[in-house]
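Below is protein.cif, holding mmCIF, C-alpha atoms.
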data_coords
#
loop_
_atom_site.label_atom_id
_atom_site.label_comp_id
_atom_site.auth_asym_id
_atom_site.auth_seq_id
_atom_site.Cartn_x
_atom_site.Cartn_y
_atom_site.Cartn_z
CA MET A 335 -20.51 20.65 37.79
CA ASN A 336 -23.32 21.43 35.30
CA ALA A 337 -21.61 20.01 32.17
CA PRO A 338 -22.53 16.36 31.58
CA PRO A 339 -19.72 13.79 31.39
CA PRO A 340 -18.52 13.22 27.79
CA PHE A 341 -19.54 10.22 25.70
CA LEU A 342 -16.82 7.66 25.02
CA ASN A 343 -16.26 6.35 21.50
CA ALA A 344 -17.66 2.80 21.69
CA ILE A 345 -15.24 1.57 19.04
CA PHE A 346 -12.34 2.15 21.44
CA HIS A 347 -14.20 1.58 24.68
CA GLN A 348 -13.99 -2.19 24.80
CA PRO A 349 -11.38 -3.93 26.95
CA VAL A 350 -9.48 -5.73 24.18
CA ARG A 351 -9.80 -2.96 21.63
CA THR A 352 -8.55 -0.29 24.03
CA ARG A 353 -5.35 -2.29 24.51
CA LEU A 354 -5.19 -3.11 20.79
CA CYS A 355 -5.48 0.55 19.87
CA LEU A 356 -2.80 1.54 22.34
CA LEU A 357 -0.46 -0.88 20.54
CA LEU A 358 -1.55 0.43 17.12
CA HIS A 359 -1.14 4.02 18.33
CA ARG A 360 2.39 3.45 19.58
CA GLY A 361 3.85 1.31 16.81
CA GLU A 362 3.38 -0.83 13.74
CA PRO A 363 2.92 -4.40 15.02
CA SER A 364 2.28 -7.47 12.87
CA PHE A 365 -0.69 -9.76 13.39
CA THR A 366 1.54 -12.27 15.19
CA GLN A 367 2.94 -9.59 17.50
CA LEU A 368 -0.53 -8.27 18.30
CA LYS A 369 -1.84 -11.74 19.03
CA ALA A 370 1.05 -12.44 21.40
CA SER A 371 0.79 -9.05 23.15
CA LEU A 372 -2.94 -9.34 23.68
CA SER A 373 -3.03 -13.11 24.34
CA ILE A 374 -6.08 -13.61 22.13
CA THR A 375 -6.96 -16.02 19.31
CA ASP A 376 -6.62 -15.37 15.59
CA GLY A 377 -10.39 -15.17 15.26
CA ASN A 378 -10.74 -12.73 18.11
CA LEU A 379 -8.01 -10.43 16.78
CA ASP A 380 -9.48 -10.68 13.29
CA ALA A 381 -12.84 -9.54 14.59
CA HIS A 382 -11.38 -6.53 16.42
CA LEU A 383 -9.27 -5.46 13.42
CA LYS A 384 -12.35 -5.70 11.20
CA LYS A 385 -14.30 -3.55 13.64
CA LEU A 386 -11.61 -0.85 13.35
CA SER A 387 -11.38 -1.17 9.58
CA ALA A 388 -15.16 -0.89 9.20
CA VAL A 389 -14.97 2.69 10.49
CA GLY A 390 -11.75 3.52 8.64
CA TYR A 391 -9.58 3.58 11.76
CA LEU A 392 -7.07 0.94 10.62
CA HIS A 393 -4.17 1.32 8.21
CA SER A 394 -2.03 -1.57 7.01
CA ARG A 395 1.31 -1.68 5.24
CA MET A 396 3.10 -4.56 3.57
CA ILE A 397 6.75 -4.82 4.50
CA VAL A 398 9.45 -7.12 3.18
CA ASP A 399 11.62 -8.13 6.09
CA GLY A 400 12.37 -11.71 5.22
CA ARG A 401 8.98 -13.10 4.14
CA PRO A 402 6.59 -10.25 3.17
CA HIS A 403 4.05 -9.54 5.88
CA THR A 404 1.53 -6.94 6.91
CA VAL A 405 1.91 -4.50 9.78
CA TYR A 406 -0.85 -2.37 11.22
CA CYS A 407 -1.33 1.07 12.75
CA LEU A 408 -4.15 3.52 13.30
CA SER A 409 -5.11 5.49 10.21
CA GLU A 410 -5.08 9.28 10.25
CA SER A 411 -8.75 9.40 11.23
CA GLY A 412 -8.20 6.55 13.70
CA THR A 413 -5.34 8.42 15.35
CA GLU A 414 -7.43 11.56 15.65
CA ALA A 415 -10.42 9.65 17.06
CA PHE A 416 -8.22 7.78 19.53
CA ARG A 417 -6.71 11.03 20.80
CA GLU A 418 -10.24 12.34 21.31
CA TYR A 419 -11.07 9.14 23.19
CA LEU A 420 -8.05 9.63 25.47
CA ASP A 421 -9.11 13.25 26.03
CA CYS A 422 -12.57 11.98 26.98
CA LEU A 423 -11.08 9.58 29.49
CA GLU A 424 -9.15 12.45 31.04
CA ALA A 425 -12.29 14.55 31.18
CA ILE A 426 -14.18 11.71 32.86
CA CYS A 427 -11.43 11.34 35.44
CA ALA A 428 -11.58 15.07 36.12
CA PHE A 429 -15.37 14.87 36.35
CA ALA A 430 -15.09 11.98 38.83
CA MET A 431 -12.58 13.92 40.93
CA LEU A 432 -14.90 16.91 41.04
CA ALA A 433 -17.83 14.68 42.01
CA ARG A 434 -15.76 13.16 44.82
CA ASP A 435 -14.67 16.58 46.07
CA ASP A 436 -18.31 17.77 46.04
CA MET B 190 -13.13 17.32 5.70
CA LYS B 191 -12.57 13.58 6.10
CA THR B 192 -10.91 12.01 3.05
CA LEU B 193 -10.20 8.47 1.95
CA ASN B 194 -7.43 8.02 -0.63
CA ILE B 195 -7.50 4.69 -2.49
CA THR B 196 -4.45 3.76 -4.52
CA ASN B 197 -2.77 0.90 -6.35
CA GLY B 198 -0.49 -0.55 -3.68
CA ASP B 199 1.89 0.09 -0.84
CA GLY B 200 4.42 2.11 -2.85
CA ALA B 201 1.96 4.84 -3.81
CA ALA B 202 0.15 4.58 -0.45
CA ASN B 203 3.37 5.26 1.47
CA ILE B 204 4.13 8.29 -0.71
CA ILE B 205 0.64 9.71 -0.17
CA LYS B 206 1.04 9.25 3.59
CA GLN B 207 4.41 11.04 3.51
CA SER B 208 2.95 13.92 1.49
CA THR B 209 0.78 16.87 2.48
CA VAL B 210 -2.28 15.01 1.20
CA ALA B 211 -4.73 14.69 4.07
CA GLY B 212 -6.80 11.66 4.91
CA ASP B 213 -6.75 7.92 5.31
CA VAL B 214 -5.05 5.76 2.69
CA LEU B 215 -6.24 2.40 1.41
CA PRO B 216 -3.82 0.45 -0.81
CA TRP B 217 -5.56 -1.93 -3.24
CA ARG B 218 -3.20 -4.89 -2.97
CA ASP B 219 -4.03 -7.38 -5.68
CA PRO B 220 -1.90 -8.16 -8.76
CA MET B 221 -5.01 -8.38 -10.88
CA HIS B 222 -3.39 -9.02 -14.25
CA HIS B 223 -3.21 -12.73 -13.57
CA GLY B 224 -5.23 -15.44 -11.90
CA PRO B 225 -8.93 -16.07 -11.48
CA PHE B 226 -11.72 -13.51 -11.31
CA PRO B 227 -14.78 -15.70 -11.79
CA ALA B 228 -18.06 -13.88 -12.39
CA ASP B 229 -20.96 -13.69 -9.95
CA LEU B 230 -18.92 -13.63 -6.76
CA SER B 231 -19.25 -10.92 -4.14
CA LEU B 232 -16.21 -8.87 -3.17
CA SER B 233 -15.63 -11.06 -0.10
CA GLU B 234 -16.12 -14.33 -2.01
CA LEU B 235 -13.71 -13.10 -4.65
CA GLY B 236 -11.22 -12.25 -1.90
CA LYS B 237 -11.17 -15.91 -0.84
CA VAL B 238 -10.59 -17.08 -4.42
CA ARG B 239 -7.83 -14.54 -4.95
CA ALA B 240 -6.15 -15.36 -1.64
CA ALA B 241 -6.05 -19.08 -2.47
CA TYR B 242 -4.59 -18.34 -5.90
CA LEU B 243 -2.03 -15.77 -4.75
CA ALA B 244 -0.84 -17.91 -1.84
CA GLY B 245 -0.15 -20.85 -4.13
CA PRO B 246 0.84 -24.16 -2.55
CA ASP B 247 3.37 -22.67 -0.12
CA GLY B 248 1.94 -19.27 0.82
CA ASN B 249 -0.27 -18.14 3.69
CA ALA B 250 -3.75 -17.88 2.17
CA ALA B 251 -5.30 -16.96 5.53
CA GLU B 252 -3.07 -13.90 5.84
CA ILE B 253 -3.84 -12.72 2.31
CA GLU B 254 -7.55 -13.34 2.85
CA ARG B 255 -7.40 -11.27 6.04
CA ASP B 256 -5.80 -8.40 4.10
CA PHE B 257 -8.62 -8.54 1.56
CA GLU B 258 -11.29 -8.69 4.28
CA LEU B 259 -9.83 -5.65 6.06
CA ARG B 260 -9.54 -3.81 2.75
CA ASP B 261 -13.18 -4.59 1.95
CA GLN B 262 -14.32 -3.49 5.41
CA HIS B 263 -12.54 -0.18 4.90
CA LEU B 264 -14.16 0.25 1.49
CA LYS B 265 -17.56 -0.34 3.07
CA ALA B 266 -16.79 2.56 5.43
CA SER B 267 -16.81 4.88 2.39
CA LYS B 268 -19.99 6.73 3.22
CA GLY B 269 -18.40 7.90 6.47
CA TYR B 270 -16.01 10.07 4.45
CA ASP B 271 -16.68 13.49 2.99
CA ASN B 272 -14.73 12.66 -0.13
CA ILE B 273 -12.92 9.73 -1.69
CA ILE B 274 -10.06 10.14 -4.13
CA LEU B 275 -8.82 7.30 -6.34
CA TRP B 276 -5.14 7.61 -7.31
CA PHE B 277 -4.17 5.51 -10.29
CA GLU B 278 -2.12 5.31 -13.47
CA HIS B 279 -2.55 3.98 -16.99
CA ASP B 280 -1.24 0.41 -16.82
CA LEU B 281 -3.32 -2.76 -16.84
CA LEU B 282 -3.09 -3.40 -13.11
CA ASP B 283 -4.41 0.05 -12.29
CA GLN B 284 -7.09 -0.01 -14.96
CA LEU B 285 -8.41 -3.30 -13.59
CA GLN B 286 -8.33 -1.96 -10.05
CA ILE B 287 -10.30 1.08 -11.23
CA LEU B 288 -12.90 -1.20 -12.82
CA GLN B 289 -13.26 -3.30 -9.68
CA ILE B 290 -13.51 -0.32 -7.33
CA LEU B 291 -15.87 1.72 -9.51
CA ASP B 292 -18.03 -1.35 -10.08
CA TRP B 293 -18.36 -1.60 -6.31
CA PHE B 294 -19.29 2.08 -6.04
CA SER B 295 -21.85 1.63 -8.83
CA ASN B 296 -23.72 -0.79 -6.56
CA VAL B 297 -23.74 1.12 -3.27
CA ARG B 298 -25.14 4.38 -1.97
CA ILE B 299 -22.54 6.68 -0.48
CA GLY B 300 -24.86 9.60 0.19
CA ASP B 301 -23.21 12.98 -0.03
CA THR B 302 -19.68 11.58 -0.23
CA ILE B 303 -17.84 13.05 -3.22
CA LEU B 304 -16.06 10.49 -5.39
CA GLU B 305 -13.13 11.72 -7.49
CA MET B 306 -10.33 10.13 -9.49
CA ILE B 307 -6.80 10.97 -10.52
CA CYS B 308 -5.47 8.80 -13.34
CA VAL B 309 -2.30 9.77 -15.18
CA ASP B 310 0.02 8.34 -17.82
CA ARG B 311 2.65 11.09 -17.59
CA PHE B 312 4.24 13.60 -15.27
CA PRO B 313 6.04 16.84 -16.21
CA GLY B 314 9.81 16.42 -16.32
CA LYS B 315 9.66 12.62 -16.26
CA PRO B 316 9.95 11.38 -19.85
CA ASP B 317 10.21 7.76 -18.67
CA PHE B 318 7.25 8.00 -16.30
CA ARG B 319 5.79 4.57 -15.55
CA GLY B 320 3.67 5.08 -12.50
CA ILE B 321 2.76 7.22 -9.50
CA GLY B 322 4.86 5.01 -7.25
CA GLU B 323 7.98 6.75 -8.61
CA LEU B 324 6.86 10.26 -7.61
CA SER B 325 8.18 12.22 -4.65
CA PRO B 326 5.66 13.16 -1.93
CA LYS B 327 5.62 16.74 -3.25
CA GLU B 328 5.03 15.54 -6.83
CA MET B 329 2.31 13.20 -5.64
CA ALA B 330 0.53 16.01 -3.79
CA SER B 331 0.61 18.13 -6.95
CA LEU B 332 -1.62 15.56 -8.68
CA THR B 333 -4.59 16.62 -6.57
CA ALA B 334 -5.10 19.46 -9.05
CA GLN B 335 -5.89 16.82 -11.68
CA ARG B 336 -8.70 15.06 -9.86
CA GLN B 337 -11.91 14.65 -11.79
CA PRO B 338 -15.39 13.83 -10.49
CA VAL B 339 -16.53 10.24 -11.01
CA THR B 340 -19.77 10.60 -12.94
CA ASP B 341 -22.68 8.17 -13.11
CA SER B 342 -21.79 7.39 -16.71
CA LEU B 343 -18.24 6.54 -15.67
CA LEU B 344 -19.57 4.21 -12.97
CA THR B 345 -21.78 2.51 -15.57
CA LEU B 346 -18.87 2.15 -18.00
CA ALA B 347 -16.63 0.68 -15.30
CA ALA B 348 -19.31 -1.77 -14.21
CA SER B 349 -19.67 -2.95 -17.83
CA GLY B 350 -15.92 -3.31 -18.14
CA TRP B 351 -15.68 -5.24 -14.91
CA ALA B 352 -18.45 -7.62 -16.04
CA ALA B 353 -16.71 -8.13 -19.39
CA PHE B 354 -13.35 -8.80 -17.71
CA ARG B 355 -14.95 -11.37 -15.39
CA SER B 356 -17.08 -13.04 -18.03
CA SER B 357 -16.26 -16.68 -18.72
CA ASN B 358 -16.51 -15.80 -22.41
CA PRO B 359 -13.59 -13.57 -23.45
CA LEU B 360 -15.48 -12.47 -26.55
CA ASP B 361 -17.50 -10.25 -24.18
CA LEU B 362 -14.32 -8.29 -23.59
CA LEU B 363 -13.89 -7.70 -27.33
CA VAL B 364 -17.49 -6.47 -27.55
CA PHE B 365 -16.81 -4.12 -24.62
CA LEU B 366 -13.64 -2.85 -26.32
CA ASP B 367 -15.67 -1.95 -29.41
CA GLY B 368 -17.72 0.49 -27.33
CA ASP B 369 -17.00 4.09 -26.37
CA LEU B 370 -14.34 4.01 -23.64
CA GLY B 371 -13.59 7.73 -23.80
CA GLU B 372 -14.19 8.26 -20.09
CA LEU B 373 -11.44 5.76 -19.28
CA PRO B 374 -8.85 6.83 -21.87
CA PHE B 375 -6.18 4.27 -20.91
CA LEU B 376 -8.44 1.26 -20.63
CA SER B 377 -8.45 0.10 -24.24
CA VAL B 378 -4.67 -0.21 -24.54
CA ALA B 379 -4.46 -1.88 -21.15
CA LEU B 380 -7.12 -4.49 -21.93
CA ARG B 381 -5.54 -5.24 -25.29
CA ARG B 382 -2.34 -6.03 -23.40
CA HIS B 383 -4.41 -8.40 -21.27
CA LEU B 384 -5.61 -10.20 -24.41
CA GLU B 385 -2.00 -10.74 -25.50
CA GLU B 386 -1.56 -13.02 -22.51
CA PHE B 387 -3.80 -15.60 -24.15
CA PRO B 388 -1.56 -18.04 -26.06
CA ASP B 389 -0.80 -16.81 -29.53
CA ALA B 390 -2.66 -18.75 -32.22
CA SER B 391 0.46 -19.47 -34.28
CA LYS B 392 3.21 -19.95 -31.67
CA GLY B 393 1.13 -21.21 -28.76
CA LEU B 394 2.97 -18.81 -26.44
CA THR B 395 1.80 -15.78 -24.49
CA ARG B 396 3.41 -12.41 -25.18
CA THR B 397 5.35 -12.63 -21.92
CA GLU B 398 6.67 -16.09 -22.77
CA VAL B 399 7.81 -14.92 -26.22
CA GLN B 400 9.57 -11.92 -24.68
CA LEU B 401 11.35 -14.04 -22.07
CA LEU B 402 12.49 -16.62 -24.65
CA ARG B 403 13.74 -13.82 -26.91
CA LEU B 404 15.71 -12.34 -24.05
CA MET B 405 17.36 -15.72 -23.42
CA ALA B 406 18.11 -16.01 -27.14
CA ASN B 407 19.75 -12.58 -26.91
CA GLY B 408 22.07 -13.61 -24.11
CA ILE B 409 20.11 -12.62 -20.99
CA HIS B 410 20.30 -15.60 -18.64
CA ALA B 411 20.06 -14.36 -15.02
CA PRO B 412 16.51 -14.48 -13.62
CA GLN B 413 16.60 -10.96 -12.18
CA GLN B 414 17.86 -9.56 -15.48
CA LEU B 415 15.17 -11.49 -17.35
CA PHE B 416 12.56 -9.82 -15.12
CA LEU B 417 14.04 -6.34 -15.54
CA GLN B 418 14.60 -6.61 -19.29
CA ASN B 419 11.13 -8.04 -19.77
CA MET B 420 9.72 -4.93 -18.07
CA VAL B 421 11.62 -2.80 -20.57
CA MET B 422 9.82 -4.64 -23.38
CA GLU B 423 6.48 -3.46 -22.01
CA THR B 424 5.13 -0.02 -22.89
CA ALA B 425 3.45 0.21 -19.47
CA LEU B 426 4.18 -1.55 -16.19
CA TYR B 427 3.04 -5.14 -16.30
CA ILE B 428 3.64 -8.18 -14.10
CA GLY B 429 5.95 -8.09 -11.11
CA ASP B 430 9.01 -10.18 -10.34
CA TRP B 431 7.27 -13.11 -8.63
CA GLN B 432 4.84 -13.72 -11.50
CA THR B 433 7.74 -13.47 -13.97
CA TYR B 434 9.58 -16.17 -12.01
CA ARG B 435 6.45 -18.32 -12.00
CA ILE B 436 6.43 -18.15 -15.79
CA LEU B 437 10.16 -18.91 -16.02
CA ASP B 438 9.62 -21.87 -13.70
CA ALA B 439 6.79 -23.17 -15.92
CA MET B 440 8.90 -22.79 -19.07
CA CYS B 441 11.74 -24.73 -17.44
CA ALA B 442 9.40 -27.44 -16.15
CA ASN B 443 7.87 -27.87 -19.60
CA GLY B 444 10.99 -28.02 -21.71
CA LEU B 445 11.08 -24.58 -23.37
CA ALA B 446 13.94 -23.38 -21.20
CA SER B 447 16.52 -25.04 -19.04
CA CYS B 448 17.95 -23.88 -15.75
CA GLU B 449 21.47 -24.46 -14.48
CA PRO B 450 21.50 -25.76 -11.79
CA HIS B 451 18.27 -27.65 -12.20
CA PRO B 452 15.47 -27.20 -11.09
CA PHE B 453 14.63 -23.47 -11.04
CA HIS B 454 14.60 -21.91 -7.57
CA PHE B 455 12.44 -18.95 -6.57
CA PRO B 456 14.09 -16.17 -4.52
CA SER B 457 14.57 -17.22 -0.92
CA PHE B 458 13.37 -15.09 1.98
CA SER B 459 16.61 -15.98 3.73
CA SER B 460 19.51 -13.74 2.72
CA GLU B 461 22.02 -16.62 3.04
CA LYS B 462 20.25 -18.53 0.28
CA HIS B 463 19.82 -15.53 -2.03
CA SER B 464 22.78 -16.53 -4.19
CA ASP B 465 21.02 -19.86 -4.93
CA PHE B 466 18.55 -17.74 -6.85
CA THR B 467 20.78 -15.08 -8.37
CA SER B 468 23.42 -17.54 -9.61
CA GLN B 469 20.93 -19.49 -11.75
CA ARG B 470 21.30 -19.34 -15.52
CA LEU B 471 18.37 -19.91 -17.84
CA SER B 472 18.76 -20.87 -21.50
CA LEU B 473 16.64 -21.88 -24.43
CA THR B 474 16.24 -25.61 -25.05
CA ALA B 475 16.07 -27.08 -28.55
CA ALA B 476 12.26 -27.05 -28.22
CA GLY B 477 12.38 -23.41 -27.09
CA ILE B 478 14.41 -22.50 -30.19
CA ARG B 479 11.96 -24.33 -32.47
CA VAL B 480 8.95 -22.63 -30.88
CA LEU B 481 10.55 -19.21 -31.01
CA SER B 482 11.44 -19.64 -34.69
CA GLY B 483 7.92 -20.80 -35.54
CA GLU B 484 8.93 -24.37 -36.45
CA GLN B 485 6.87 -25.81 -33.61
CA ASN B 486 3.71 -24.72 -31.77
CA ALA B 487 4.05 -24.70 -27.99
CA SER B 488 0.44 -25.61 -27.32
CA GLY B 489 1.36 -29.21 -26.62
CA LEU B 490 4.19 -28.20 -24.32
CA MET B 491 2.87 -25.54 -21.95
CA PRO B 492 -0.05 -26.46 -19.67
CA ARG B 493 -2.82 -23.87 -19.82
CA ASP B 494 -4.75 -24.58 -16.68
CA GLY B 495 -4.73 -20.96 -15.51
CA TRP B 496 -7.22 -18.12 -15.59
CA LEU B 497 -7.18 -14.70 -17.21
CA GLY B 498 -9.92 -12.65 -15.57
CA GLY B 499 -13.09 -14.72 -15.68
CA VAL B 500 -11.79 -17.05 -18.38
CA LYS B 501 -10.35 -20.50 -17.86
CA VAL B 502 -7.83 -20.44 -20.70
CA ALA B 503 -8.16 -24.16 -21.40
CA GLU B 504 -11.33 -26.06 -20.59
CA ALA B 505 -13.15 -29.17 -21.77
CA GLY B 506 -10.64 -30.00 -24.49
CA THR B 507 -10.52 -26.48 -25.91
CA ILE B 508 -8.22 -23.50 -25.51
CA TRP B 509 -8.69 -19.78 -26.14
CA THR B 510 -5.98 -18.31 -28.35
CA TRP B 511 -5.21 -14.77 -29.48
CA ASN B 512 -4.46 -13.82 -33.06
CA ARG B 513 -2.34 -10.67 -32.91
CA ASP B 514 -2.66 -9.98 -36.63
CA THR B 515 -6.44 -9.98 -36.73
CA ALA B 516 -7.04 -9.06 -33.07
CA GLU B 517 -9.34 -12.04 -32.70
CA LEU B 518 -9.85 -14.62 -29.98
CA LEU B 519 -10.29 -18.13 -31.30
CA ARG B 520 -11.38 -21.21 -29.40
CA ARG B 521 -9.51 -24.26 -30.58
CA SER B 522 -9.50 -27.95 -29.76
CA VAL B 523 -6.50 -29.03 -27.77
#

Mind turning this structure into structure tokens?
Amino acid sequence: MNAPPPFLNAIFHQPVRTRLCLLLHRGEPSFTQLKASLSITDGNLDAHLKKLSAVGYLHSRMIVDGRPHTVYCLSESGTEAFREYLDCLEAICAFAMLARDD
Amino acid sequence: MKTLNITNGDGAANIIKQSTVAGDVLPWRDPMHHGPFPADLSLSELGKVRAAYLAGPDGNAAEIERDFELRDQHLKASKGYDNIILWFEHDLLDQLQILQILDWFSNVRIGDTILEMICVDRFPGKPDFRGIGELSPKEMASLTAQRQPVTDSLLTLAASGWAAFRSSNPLDLLVFLDGDLGELPFLSVALRRHLEEFPDASKGLTRTEVQLLRLMANGIHAPQQLFLQNMVMETALYIGDWQTYRILDAMCANGLASCEPHPFHFPSFSSEKHSDFTSQRLSLTAAGIRVLSGEQNASGLMPRDGWLGGVKVAEAGTIWTWNRDTAELLRRSV
């Protein structure tokens, strides 16, 4: 019980961005698909994608499936950081369980 | 070690991601060999100008602008990496991308981040090598042995080249080309190809237009074949299919070529309508034959309202033309 609870990566620890990153971690959605899944505006999604890109966590790829369009996923460093974030969440849950049991 | 790999587009980016090369990958998506690059605009301001141009009247400028904004945000994250590797080749597109990226790095502090570059014009066992986008993941990874540090003098050279390319006066580019470009060994040939896209002083046609008309004169009439054969006429990769079709469309609209059926149709994004594009046949008109043979100058036929780098090709009753024989740019009255 002496170890302090871990810090959460603030880039991921925001309600919309956590859900956004789950989608980017699991697949390669387009802007339109992300907007529909998250029920947010263009401007809001833009802002969150920029936040991820500004730390190098976002990767984009142009695909030609009908009209060419861009799809997004977490970059290599973004994937690694997101896994660490999920590990932190698990550690916090474990910490909370221990605190409750104490 | 956290690495950022910057490369010339999605083809090379996908190969790097499939390879054993570690790190994030940033594709530099901008067909820079055509359209406006006015001077004195920031990277984000330039992104808006480029997006509007690339989208054209029917495209989605907002989507392209978003791509540029996200790209620029990622670039600004550079100092968070331990090293950055630029992966490029010798052709004009790549050389311009190198200039733009290195110019940006010449103006920012990236602390202890190591900046390196790979730039190749050949690959062992590939006599017809045209670009890194044709390498296998294993071949791509092998290029890491060729990376060179980006020196301060290289950053200075690239910044000068970028300023010359974006200058509204194309003579600045000729002055730049007279300097020592040894640290960018493929740049001189690439920029000279750029200059050949100014209308020729005698014919009034760009090099691409001459090549496309010659292909039609030689019996190539299908638009896809015109694009492919035109690429063969280039010593290094040049414009892509869409820009080639834009030029064919302009030549048809201005009487140098004719299209059957009329008017020229761009490729459709719907597979059912694809044959509308592929079945078209383009031919020289009487005016096209006269221009190609040198009997008539095309300057009165083709509108020149476009940009090459920072230069408006025609402006205020004058037009910049290129004399291939003397390697001079001349400003003429229209």

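Residue selection for this entry, given the PyMOL selection byres ((chain A and resi 366-377) around 8), comprises Val350, Arg353, Leu354, Leu357, Pro363, Ser364, Phe365, Asn378, Leu379, Asp380 and Ala381 of chain A.
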
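Any residue of chain A with an atom within 6 Å of chain B counts; using all atoms listed in the file, that gives Lys384, Ser387, Ala388, Val389, Gly390, Gly400, Arg401, Ser409 and Glu410 of chain A.
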
Using 7 Å as the limit and counting all atoms listed in the file, can you tabulate each residue of range 312-379 of chain B that touches range 493-503 of chain B, with its shortest atom-to-atom distance in Å and the two atoms involved, as JSON lines?
{"residue": "B:Phe354", "atom": "CA", "partner": "B:Gly498", "partner_atom": "CA", "distance": 5.6}
{"residue": "B:Arg355", "atom": "CA", "partner": "B:Gly499", "partner_atom": "CA", "distance": 3.8}
{"residue": "B:Ser356", "atom": "CA", "partner": "B:Gly499", "partner_atom": "CA", "distance": 4.9}
{"residue": "B:Ser357", "atom": "CA", "partner": "B:Val500", "partner_atom": "CA", "distance": 4.5}
{"residue": "B:Asn358", "atom": "CA", "partner": "B:Val500", "partner_atom": "CA", "distance": 6.3}
{"residue": "B:Pro359", "atom": "CA", "partner": "B:Val500", "partner_atom": "CA", "distance": 6.4}

For this session: Give as a PyMOL selection string the residues that the PyMOL selection byres ((chain B and resi 397) around 9) matches when applied to the coordinates above.
Result: chain B and resi 385-386+394-396+398-402+419+433+436

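The interatomic distance for the pair CA of Val238 in chain B and CA of Pro225 in chain B works out to 7.3 Å.
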
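Going from CA of Glu372 in chain B over to CA of Thr510 in chain B, you cover 29.0 Å.
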
Problem set entry | Selection dump of the PyMOL selection byres ((chain A and resi 417) around 12), as JSON, numbers by chain | {"A": [342, 343, 346, 352, 355, 356, 359, 360, 408, 410, 411, 412, 413, 414, 415, 416, 418, 419, 420, 421, 422, 423, 424]}

Seminar exercise, completed: From CA of Thr345 in chain B to CA of Glu254 in chain B the spacing works out at 28.2 Å

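Residues lying within 6 Å of Gly506 in chain B, counting all atoms listed in the file and ignoring same-chain neighbours fewer than 2 positions away, are Glu504, Ser522 and Val523 of chain B.
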
Problem set entry | Shell around Leu415 in chain B at 12 Å using all atoms listed in the file, local window under 4 positions removed, as a PyMOL selection string | chain B and resi 397-398+400-411+419-422+429-431+433-434+436-437+467+469-472

Grab all the atoms of range 450-460 of chain B that the file lists, wrap them in a box along x, y and z, add 5 Å per side, and give me centre plus edge lengths in Å (one decimal) as AutoDock Vina command-line options.
--center_x 17.0 --center_y -20.7 --center_z -4.2 --size_x 19.1 --size_y 23.9 --size_z 25.9

For this session: Identify, on the basis of all atoms listed in the file, every residue whose closest approach to Gln335 in chain B does not exceed 10 Å; exclude the query and any residue fewer than 3 positions from it along the same chain; express the result as a PyMOL selection string.
Result: chain B and resi 305-309+331-332

Export C-alpha atoms of the chosen residues as a PDB file, in the frame of the given file?
ATOM      1  CA  GLU B 305     -13.130  11.720  -7.490  1.00  0.00           C
ATOM      2  CA  MET B 306     -10.330  10.130  -9.490  1.00  0.00           C
ATOM      3  CA  ILE B 307      -6.800  10.970 -10.520  1.00  0.00           C
ATOM      4  CA  CYS B 308      -5.470   8.800 -13.340  1.00  0.00           C
ATOM      5  CA  VAL B 309      -2.300   9.770 -15.180  1.00  0.00           C
ATOM      6  CA  SER B 331       0.610  18.130  -6.950  1.00  0.00           C
ATOM      7  CA  LEU B 332      -1.620  15.560  -8.680  1.00  0.00           C
TER       8      LEU B 332
END

For this session: Compile the contact shell of Leu304 in chain B as JSON, numbers by chain: residues with an atom at most 8 Å away, counting only C-alpha atoms, same-chain residues fewer than 5 positions apart removed.
Result: {"B": [272, 273, 274, 275, 338, 339]}
